[in-house]
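Enquirer: If it helps, the file is called final_37.csv and holds CSV, C-alpha atoms and all ligand atoms:
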chain,number,residue,atom,x,y,z
Q,414,MET,CA,-52.5,26.3,-261.6
Q,415,THR,CA,-54.8,24.5,-259.1
Q,416,ILE,CA,-55.3,26.2,-255.8
Q,417,SER,CA,-56.7,24.7,-252.7
Q,418,VAL,CA,-57.3,26.4,-249.4
Q,419,LEU,CA,-57.0,25.0,-245.9
Q,420,ARG,CA,-58.6,26.9,-243.0
Q,421,ILE,CA,-57.4,25.7,-239.6
Q,422,GLY,CA,-59.7,26.0,-236.6
Q,423,GLN,CA,-62.8,27.9,-235.8
Q,424,ARG,CA,-63.1,30.2,-232.8
Q,425,ILE,CA,-64.9,28.8,-229.8
Q,426,VAL,CA,-67.1,31.9,-230.0
Q,427,ARG,CA,-69.0,30.8,-233.2
Q,428,ASP,CA,-67.7,32.6,-236.2
Q,429,ASP,CA,-70.0,31.0,-238.8
Q,430,ARG,CA,-70.2,34.2,-240.9
Q,431,VAL,CA,-66.4,34.5,-241.2
Q,432,THR,CA,-66.1,30.8,-242.0
Q,433,THR,CA,-68.7,31.2,-244.8
Q,434,HIS,CA,-67.0,34.2,-246.2
Q,435,ALA,CA,-63.6,32.5,-246.2
Q,436,ALA,CA,-65.2,29.7,-248.4
Q,437,LEU,CA,-67.0,32.2,-250.6
Q,438,VAL,CA,-63.9,34.3,-251.2
Q,439,ALA,CA,-61.9,31.1,-251.9
Q,440,ARG,CA,-64.5,30.2,-254.6
Q,441,ALA,CA,-64.9,33.6,-256.1
Q,442,PHE,CA,-61.2,34.3,-256.3
Q,443,GLY,CA,-60.3,31.2,-258.2
Q,444,ALA,CA,-59.5,28.4,-255.7
Q,445,SER,CA,-60.9,24.9,-256.5
Q,446,ARG,CA,-61.6,23.8,-253.0
Q,447,ILE,CA,-61.5,24.6,-249.3
Q,448,TYR,CA,-60.8,22.2,-246.5
Q,449,MET,CA,-62.2,23.3,-243.2
Q,450,SER,CA,-61.8,21.9,-239.7
Q,451,ASP,CA,-64.5,22.2,-237.0
Q,452,ILE,CA,-67.0,23.4,-239.5
Q,453,ASN,CA,-70.8,23.7,-238.9
Q,454,PRO,CA,-72.6,21.5,-241.4
Q,455,ASP,CA,-75.0,24.4,-242.2
Q,456,ILE,CA,-72.0,26.3,-243.7
Q,457,VAL,CA,-71.2,23.4,-246.0
Q,458,ARG,CA,-74.8,23.4,-247.2
Q,459,THR,CA,-74.9,27.2,-247.7
Q,460,VAL,CA,-71.7,27.2,-249.8
Q,461,ARG,CA,-72.9,24.2,-251.8
Q,462,ASP,CA,-76.1,26.0,-252.5
Q,463,VAL,CA,-74.1,29.0,-253.7
Q,464,CYS,CA,-72.2,26.8,-256.1
Q,465,LYS,CA,-75.4,25.3,-257.5
Q,466,THR,CA,-76.8,28.7,-258.2
Q,467,TRP,CA,-73.7,30.5,-259.4
Q,468,GLY,CA,-71.9,27.6,-261.1
Q,469,GLY,CA,-68.4,26.1,-261.1
Q,470,SER,CA,-67.0,23.0,-259.4
Q,471,PHE,CA,-65.8,24.5,-256.1
Q,472,GLU,CA,-65.8,22.0,-253.3
Q,473,VAL,CA,-66.1,22.4,-249.5
Q,474,GLU,CA,-64.4,19.5,-247.8
Q,475,PRO,CA,-64.9,19.2,-244.0
Q,476,THR,CA,-61.9,17.6,-242.3
Q,477,ASP,CA,-61.3,16.2,-238.8
Q,478,SER,CA,-57.6,16.4,-239.3
Q,479,TRP,CA,-56.0,19.5,-240.9
Q,480,ARG,CA,-52.6,17.9,-240.2
Q,481,ASP,CA,-53.5,15.0,-242.5
Q,482,ILE,CA,-54.4,17.5,-245.3
Q,483,LEU,CA,-51.0,19.2,-244.8
Q,484,CYS,CA,-49.1,15.9,-244.8
Q,485,ASP,CA,-50.9,14.7,-247.9
Q,486,ALA,CA,-50.2,18.0,-249.7
Q,487,LYS,CA,-46.5,17.7,-248.8
Q,488,GLU,CA,-46.4,14.1,-250.0
Q,489,ARG,CA,-48.1,15.0,-253.3
Q,490,GLY,CA,-45.6,17.8,-253.9
Q,491,GLN,CA,-48.1,20.6,-253.5
Q,492,THR,CA,-46.6,23.9,-252.7
Q,493,ILE,CA,-47.8,25.0,-249.2
Q,494,VAL,CA,-48.3,28.7,-248.7
Q,495,HIS,CA,-49.1,29.7,-245.1
Q,496,LEU,CA,-50.5,33.2,-244.7
Q,497,THR,CA,-49.2,34.9,-241.6
Q,498,MET,CA,-48.4,38.5,-240.8
Q,499,TYR,CA,-44.9,37.3,-239.7
Q,500,GLY,CA,-44.0,36.0,-243.2
Q,501,SER,CA,-42.2,37.2,-246.2
Q,502,ARG,CA,-43.6,40.2,-248.2
Q,503,ILE,CA,-46.1,38.9,-250.7
Q,504,GLY,CA,-44.7,41.2,-253.4
Q,505,ASP,CA,-41.3,39.4,-253.0
Q,506,VAL,CA,-42.7,35.8,-253.5
Q,507,ALA,CA,-46.0,36.0,-255.4
Q,508,ASP,CA,-44.3,35.4,-258.8
Q,509,GLU,CA,-42.3,32.5,-257.5
Q,510,ILE,CA,-45.5,30.9,-256.0
Q,511,ALA,CA,-47.4,31.6,-259.3
Q,512,ALA,CA,-44.9,29.3,-261.2
Q,513,ASN,CA,-46.2,26.2,-259.3
Q,514,ASP,CA,-48.9,23.9,-260.7
Q,515,SER,CA,-50.6,23.1,-257.4
Q,516,VAL,CA,-50.7,25.3,-254.4
Q,517,LEU,CA,-52.3,24.8,-250.9
Q,518,ILE,CA,-52.9,28.1,-249.1
Q,519,VAL,CA,-53.2,27.8,-245.3
Q,520,ILE,CA,-55.1,30.3,-243.3
Q,521,GLY,CA,-55.8,30.4,-239.5
Q,522,ALA,CA,-59.0,31.2,-237.6
Q,523,GLN,CA,-56.9,31.8,-234.5
Q,524,LYS,CA,-53.3,31.2,-233.4
Q,525,VAL,CA,-51.7,28.7,-235.7
Q,526,PRO,CA,-49.4,26.0,-234.2
Q,527,ARG,CA,-45.7,26.5,-234.7
Q,528,ASP,CA,-45.2,23.4,-236.9
Q,529,VAL,CA,-47.3,24.9,-239.6
Q,530,TYR,CA,-44.7,27.5,-240.1
Q,531,ASP,CA,-42.1,24.8,-240.5
Q,532,ILE,CA,-44.0,22.6,-242.9
Q,533,ALA,CA,-45.0,25.5,-245.1
Q,534,ASP,CA,-42.8,26.1,-248.2
Q,535,TYR,CA,-43.7,29.8,-247.9
Q,536,ASN,CA,-44.8,31.8,-244.9
Q,537,VAL,CA,-46.3,34.9,-246.6
Q,538,ALA,CA,-47.5,38.2,-245.1
Q,539,VAL,CA,-50.1,40.4,-246.7
Q,540,GLY,CA,-48.6,43.4,-245.0
Q,541,SER,CA,-46.9,43.0,-241.6
Q,542,GLN,CA,-49.9,44.0,-239.5
Q,543,PRO,CA,-52.7,41.8,-238.0
Q,544,HIS,CA,-55.9,41.8,-240.0
Q,545,SER,CA,-58.2,39.0,-241.2
Q,546,GLU,CA,-57.8,35.7,-242.9
Q,547,ILE,CA,-60.5,36.6,-245.4
Q,548,ALA,CA,-58.6,39.8,-246.5
Q,549,ALA,CA,-55.3,38.0,-246.6
Q,550,LEU,CA,-56.8,35.2,-248.7
Q,551,ALA,CA,-58.4,37.5,-251.2
Q,552,VAL,CA,-55.2,39.5,-251.7
Q,553,ALA,CA,-53.0,36.4,-251.9
Q,554,LEU,CA,-55.3,34.7,-254.5
Q,555,ASP,CA,-55.3,37.9,-256.5
Q,556,ARG,CA,-51.5,38.4,-256.5
Q,557,ILE,CA,-50.7,34.7,-257.2
Q,558,GLN,CA,-53.1,34.6,-260.2
Q,559,HIS,CA,-52.2,38.2,-261.3
Q,560,GLY,CA,-55.9,39.1,-261.4
Q,561,ARG,CA,-56.7,36.6,-264.1
Q,562,GLN,CA,-59.2,34.7,-261.9
Q,563,PHE,CA,-61.9,37.2,-262.9
Q,564,ASP,CA,-61.5,36.6,-266.6
Q,565,SER,CA,-63.1,33.2,-266.7
Q,566,GLU,CA,-66.8,32.3,-266.2
Q,567,PHE,CA,-68.2,29.8,-263.7
Q,568,PRO,CA,-69.7,27.0,-265.9
Q,569,ASP,CA,-73.2,25.5,-265.4
Q,570,ALA,CA,-74.6,28.4,-263.4
Q,571,ALA,CA,-78.3,28.7,-262.9
Q,572,ARG,CA,-77.9,32.4,-262.6
Q,573,LYS,CA,-75.3,34.6,-264.3
Q,574,ILE,CA,-74.7,38.3,-263.7
Q,575,VAL,CA,-74.3,40.6,-266.8
Q,576,PRO,CA,-71.9,43.3,-265.6
Q,577,THR,CA,-73.7,46.6,-266.1
Q,578,GLU,CA,-72.8,50.2,-265.4
Q,579,HIS,CA,-76.1,50.9,-263.5
Q,580,GLY,CA,-78.7,48.6,-262.0
Q,581,LYS,CA,-78.7,44.8,-261.9
Q,582,GLN,CA,-78.9,42.4,-264.8
Q,583,VAL,CA,-79.1,38.7,-264.1
Q,584,LEU,CA,-79.8,35.9,-266.6
F,1,LIG,N1,-52.6,36.3,-233.7
F,1,LIG,C1,-52.8,35.4,-234.8
F,1,LIG,C2,-51.6,34.7,-235.2
F,1,LIG,O1,-50.7,34.5,-234.4
F,1,LIG,O2,-51.5,34.3,-236.4
F,1,LIG,C3,-53.6,36.1,-235.9
F,1,LIG,C4,-54.8,35.4,-236.2
F,1,LIG,S1,-55.7,36.2,-237.5
F,1,LIG,C5,-57.2,36.7,-236.7
F,1,LIG,C6,-56.3,34.8,-238.4
F,1,LIG,C7,-55.5,34.5,-239.7
F,1,LIG,O3,-55.5,35.7,-240.5
F,1,LIG,C8,-54.0,34.2,-239.5
F,1,LIG,O4,-53.8,32.9,-239.1
F,1,LIG,C9,-53.5,34.4,-240.9
F,1,LIG,O5,-53.8,33.3,-241.8
F,1,LIG,C10,-54.4,35.6,-241.4
F,1,LIG,N2,-53.7,36.9,-241.3
F,1,LIG,C11,-54.0,37.9,-240.5
F,1,LIG,N3,-53.2,39.0,-240.8
F,1,LIG,C12,-52.4,38.6,-241.8
F,1,LIG,C13,-51.3,39.3,-242.5
F,1,LIG,N4,-51.0,40.5,-242.3
F,1,LIG,N5,-50.8,38.6,-243.5
F,1,LIG,C14,-51.2,37.3,-243.8
F,1,LIG,N6,-52.1,36.6,-243.2
F,1,LIG,C15,-52.7,37.3,-242.2
Write out the structure in this file as structure tokens.
Expert:
Amino acid sequence: MTISVLRIGQRIVRDDRVTTHAALVARAFGASRIYMSDINPDIVRTVRDVCKTWGGSFEVEPTDSWRDILCDAKERGQTIVHLTMYGSRIGDVADEIAANDSVLIVIGAQKVPRDVYDIADYNVAVGSQPHSEIAALAVALDRIQHGRQFDSEFPDAARKIVPTEHGKQVL
């Protein structure tokens, strides 16, 4: 399964750290790319540097029009999964979503326009309480991939961690 992430909007009060973390979580939890609107170019550079150091082919794609990304996804038959606290319980739909070849997960930085709820194939809640797009994204990626995203390595890494019980080992 190929998973892309679309993050809609960035708060007026700069939330560069949250934006960076959304991208890093998408990468570390098995997505192939993240599309981001209103993104500070420094964040794109930071995430690309992480990819060079730690491997893999994750892409950050700035976009001026998240609507175009959604419409393209729809046309290409990608399954659109919008994460919202108002949606269906993730436990009820994760297996069904996991059966798709190509998935676009949509997260919001702030209030998401109504039509996103309509265009989505699934509106999915990670608990029916307000929290964070980063937490929602991490849990959704884990549930959809049944935890298998952590079994594979990131190719062509300049640095690689050897999991150890105590201390730090990096090759
Ligand atoms: N009040 C906003 C709304 O109407 O959606 C909440 C914005 S929240 C700070 C930012 C994003 O986090 C949401 O757009 C959604 O993608 C995600 N999110 C927050 N809580 C969630 C939950 N319980 N389940 C799924 N996604 C959630």
Enquirer: Residues near segment 525-531 of chain Q, anyone? I mean within 8 Å using only C-alpha atoms, not counting same-chain ones fewer than 3 positions away, as a list in words.
Expert: Ile421, His495, Gly521, Ala522, Asp534 and Asn536 of chain Q
Enquirer: So, with all atoms listed in the file as the atoms that count, which of Q:Ile456, Q:Ala441, Q:Met498, Q:Ile416 lies closest to Gln542 of chain Q?
Expert: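 Once distances to Gln542 of chain Q are computed over all atoms listed in the file, the minimum belongs to Q:Met498.
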Enquirer: I'd like the neighbourhood of Thr466 of chain Q as a list in words, where a residue qualifies if any of its atoms comes within 8 Å (using all atoms listed in the file), though same-chain residues fewer than 6 positions away should be ignored.
Expert: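 The contact residues come out as Ala570, Ala571 and Arg572 of chain Q.
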Enquirer: If the limit is 8 Å from any atom of ligand LIG 1 (chain F), counting only C-alpha atoms and all ligand atoms, which residues qualify? Return them as a PDB file with C-alpha atoms, keeping the file's coordinate frame.
Expert:
ATOM      1  CA  HIS Q 495     -49.100  29.700-245.100  1.00  0.00           C
ATOM      2  CA  LEU Q 496     -50.500  33.200-244.700  1.00  0.00           C
ATOM      3  CA  THR Q 497     -49.200  34.900-241.600  1.00  0.00           C
ATOM      4  CA  MET Q 498     -48.400  38.500-240.800  1.00  0.00           C
ATOM      5  CA  TYR Q 499     -44.900  37.300-239.700  1.00  0.00           C
ATOM      6  CA  GLY Q 500     -44.000  36.000-243.200  1.00  0.00           C
ATOM      7  CA  VAL Q 519     -53.200  27.800-245.300  1.00  0.00           C
ATOM      8  CA  ILE Q 520     -55.100  30.300-243.300  1.00  0.00           C
ATOM      9  CA  GLY Q 521     -55.800  30.400-239.500  1.00  0.00           C
ATOM     10  CA  ALA Q 522     -59.000  31.200-237.600  1.00  0.00           C
ATOM     11  CA  GLN Q 523     -56.900  31.800-234.500  1.00  0.00           C
ATOM     12  CA  LYS Q 524     -53.300  31.200-233.400  1.00  0.00           C
ATOM     13  CA  VAL Q 525     -51.700  28.700-235.700  1.00  0.00           C
ATOM     14  CA  VAL Q 537     -46.300  34.900-246.600  1.00  0.00           C
ATOM     15  CA  ALA Q 538     -47.500  38.200-245.100  1.00  0.00           C
ATOM     16  CA  VAL Q 539     -50.100  40.400-246.700  1.00  0.00           C
ATOM     17  CA  GLY Q 540     -48.600  43.400-245.000  1.00  0.00           C
ATOM     18  CA  SER Q 541     -46.900  43.000-241.600  1.00  0.00           C
ATOM     19  CA  GLN Q 542     -49.900  44.000-239.500  1.00  0.00           C
ATOM     20  CA  PRO Q 543     -52.700  41.800-238.000  1.00  0.00           C
ATOM     21  CA  HIS Q 544     -55.900  41.800-240.000  1.00  0.00           C
ATOM     22  CA  SER Q 545     -58.200  39.000-241.200  1.00  0.00           C
ATOM     23  CA  GLU Q 546     -57.800  35.700-242.900  1.00  0.00           C
ATOM     24  CA  ILE Q 547     -60.500  36.600-245.400  1.00  0.00           C
ATOM     25  CA  ALA Q 548     -58.600  39.800-246.500  1.00  0.00           C
ATOM     26  CA  ALA Q 549     -55.300  38.000-246.600  1.00  0.00           C
ATOM     27  CA  LEU Q 550     -56.800  35.200-248.700  1.00  0.00           C
TER      28      LEU Q 550
END
Enquirer: Would you mind reading off the distance between atom CA of Leu517 of chain Q and atom CA of Leu437 of chain Q, one decimal, in Å?
Expert: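 Computing it gives 16.5 Å between the two atoms.
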Enquirer: List as a Markdown table every residue of segment 498-540 of chain Q that is in contact with segment 559-562 of chain Q, defined as an atom at most 10 Å from one of its atoms (using all atoms listed in the file), together with the nearest atom pair and the distance in Å rounded to one decimal, sorted by chain and then rising number.
Expert:
| residue | atom | partner | partner_atom | distance |
| --- | --- | --- | --- | --- |
| Q:Ala507 | CA | Q:His559 | CA | 8.8 |
| Q:Asp508 | CA | Q:His559 | CA | 8.7 |
| Q:Ala511 | CA | Q:His559 | CA | 8.4 |
Enquirer: Hey, what's within 12 Å of Ile482 of chain Q if we count only C-alpha atoms and toss same-chain stuff fewer than 3 positions away? As a PDB file with C-alpha atoms, in the coordinates of the input, please?
Expert:
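Below is the file selection-v2.pdb, written as the result:
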ATOM      1  CA  SER Q 417     -56.700  24.700-252.700  1.00  0.00           C
ATOM      2  CA  VAL Q 418     -57.300  26.400-249.400  1.00  0.00           C
ATOM      3  CA  LEU Q 419     -57.000  25.000-245.900  1.00  0.00           C
ATOM      4  CA  ARG Q 420     -58.600  26.900-243.000  1.00  0.00           C
ATOM      5  CA  ILE Q 421     -57.400  25.700-239.600  1.00  0.00           C
ATOM      6  CA  ILE Q 447     -61.500  24.600-249.300  1.00  0.00           C
ATOM      7  CA  TYR Q 448     -60.800  22.200-246.500  1.00  0.00           C
ATOM      8  CA  MET Q 449     -62.200  23.300-243.200  1.00  0.00           C
ATOM      9  CA  SER Q 450     -61.800  21.900-239.700  1.00  0.00           C
ATOM     10  CA  GLU Q 474     -64.400  19.500-247.800  1.00  0.00           C
ATOM     11  CA  PRO Q 475     -64.900  19.200-244.000  1.00  0.00           C
ATOM     12  CA  THR Q 476     -61.900  17.600-242.300  1.00  0.00           C
ATOM     13  CA  ASP Q 477     -61.300  16.200-238.800  1.00  0.00           C
ATOM     14  CA  SER Q 478     -57.600  16.400-239.300  1.00  0.00           C
ATOM     15  CA  TRP Q 479     -56.000  19.500-240.900  1.00  0.00           C
ATOM     16  CA  ASP Q 485     -50.900  14.700-247.900  1.00  0.00           C
ATOM     17  CA  ALA Q 486     -50.200  18.000-249.700  1.00  0.00           C
ATOM     18  CA  LYS Q 487     -46.500  17.700-248.800  1.00  0.00           C
ATOM     19  CA  GLU Q 488     -46.400  14.100-250.000  1.00  0.00           C
ATOM     20  CA  ARG Q 489     -48.100  15.000-253.300  1.00  0.00           C
ATOM     21  CA  GLN Q 491     -48.100  20.600-253.500  1.00  0.00           C
ATOM     22  CA  ILE Q 493     -47.800  25.000-249.200  1.00  0.00           C
ATOM     23  CA  LEU Q 517     -52.300  24.800-250.900  1.00  0.00           C
ATOM     24  CA  ILE Q 518     -52.900  28.100-249.100  1.00  0.00           C
ATOM     25  CA  VAL Q 519     -53.200  27.800-245.300  1.00  0.00           C
ATOM     26  CA  VAL Q 529     -47.300  24.900-239.600  1.00  0.00           C
ATOM     27  CA  ILE Q 532     -44.000  22.600-242.900  1.00  0.00           C
TER      28      ILE Q 532
END
Enquirer: Point out the residue among Q:Ile510, Q:Asp429, Q:Trp467, Q:Gly443 with the least atom-to-atom distance to Leu584 of chain Q, counting all atoms listed in the file.
Expert: Q:Trp467
Enquirer: Between Q:Cys484, Q:Asp555, Q:Lys581, Q:Thr433, single out the one closest to Arg461 of chain Q, counting all atoms listed in the file.
Expert: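 Nearest candidate to Arg461 of chain Q out of Q:Cys484, Q:Asp555, Q:Lys581, Q:Thr433: Q:Thr433.
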Enquirer: Which centre and which edge lengths, in Å to one decimal, describe the axis-aligned box that holds all listed atoms of segment 523-539 of chain Q after 6 Å is added on each side, as JSON?
Expert:
{"center_x": -49.5, "center_y": 31.5, "center_z": -240.8, "size_x": 26.8, "size_y": 29.8, "size_z": 26.8}
Enquirer: Name the residues within 8 Å of (-68.1, 28.0, -262.0), counting only C-alpha atoms in the file's coordinates, and put them as a list in words.
Expert: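 Those residues, ordered by chain and then number, are Cys464, Trp467, Gly468, Gly469, Ser470, Phe471, Glu566, Phe567, Pro568, Asp569 and Ala570 of chain Q.
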Enquirer: Report, in Å to a single decimal, how far apart atom CA of Asp462 of chain Q and atom CA of Ser515 of chain Q are.
Expert: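 Between these atoms lies a distance of 26.1 Å.
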Enquirer: Atom CA of Val583 of chain Q to atom CA of Arg556 of chain Q: how many Å, to one decimal?
Expert: 28.6 Å
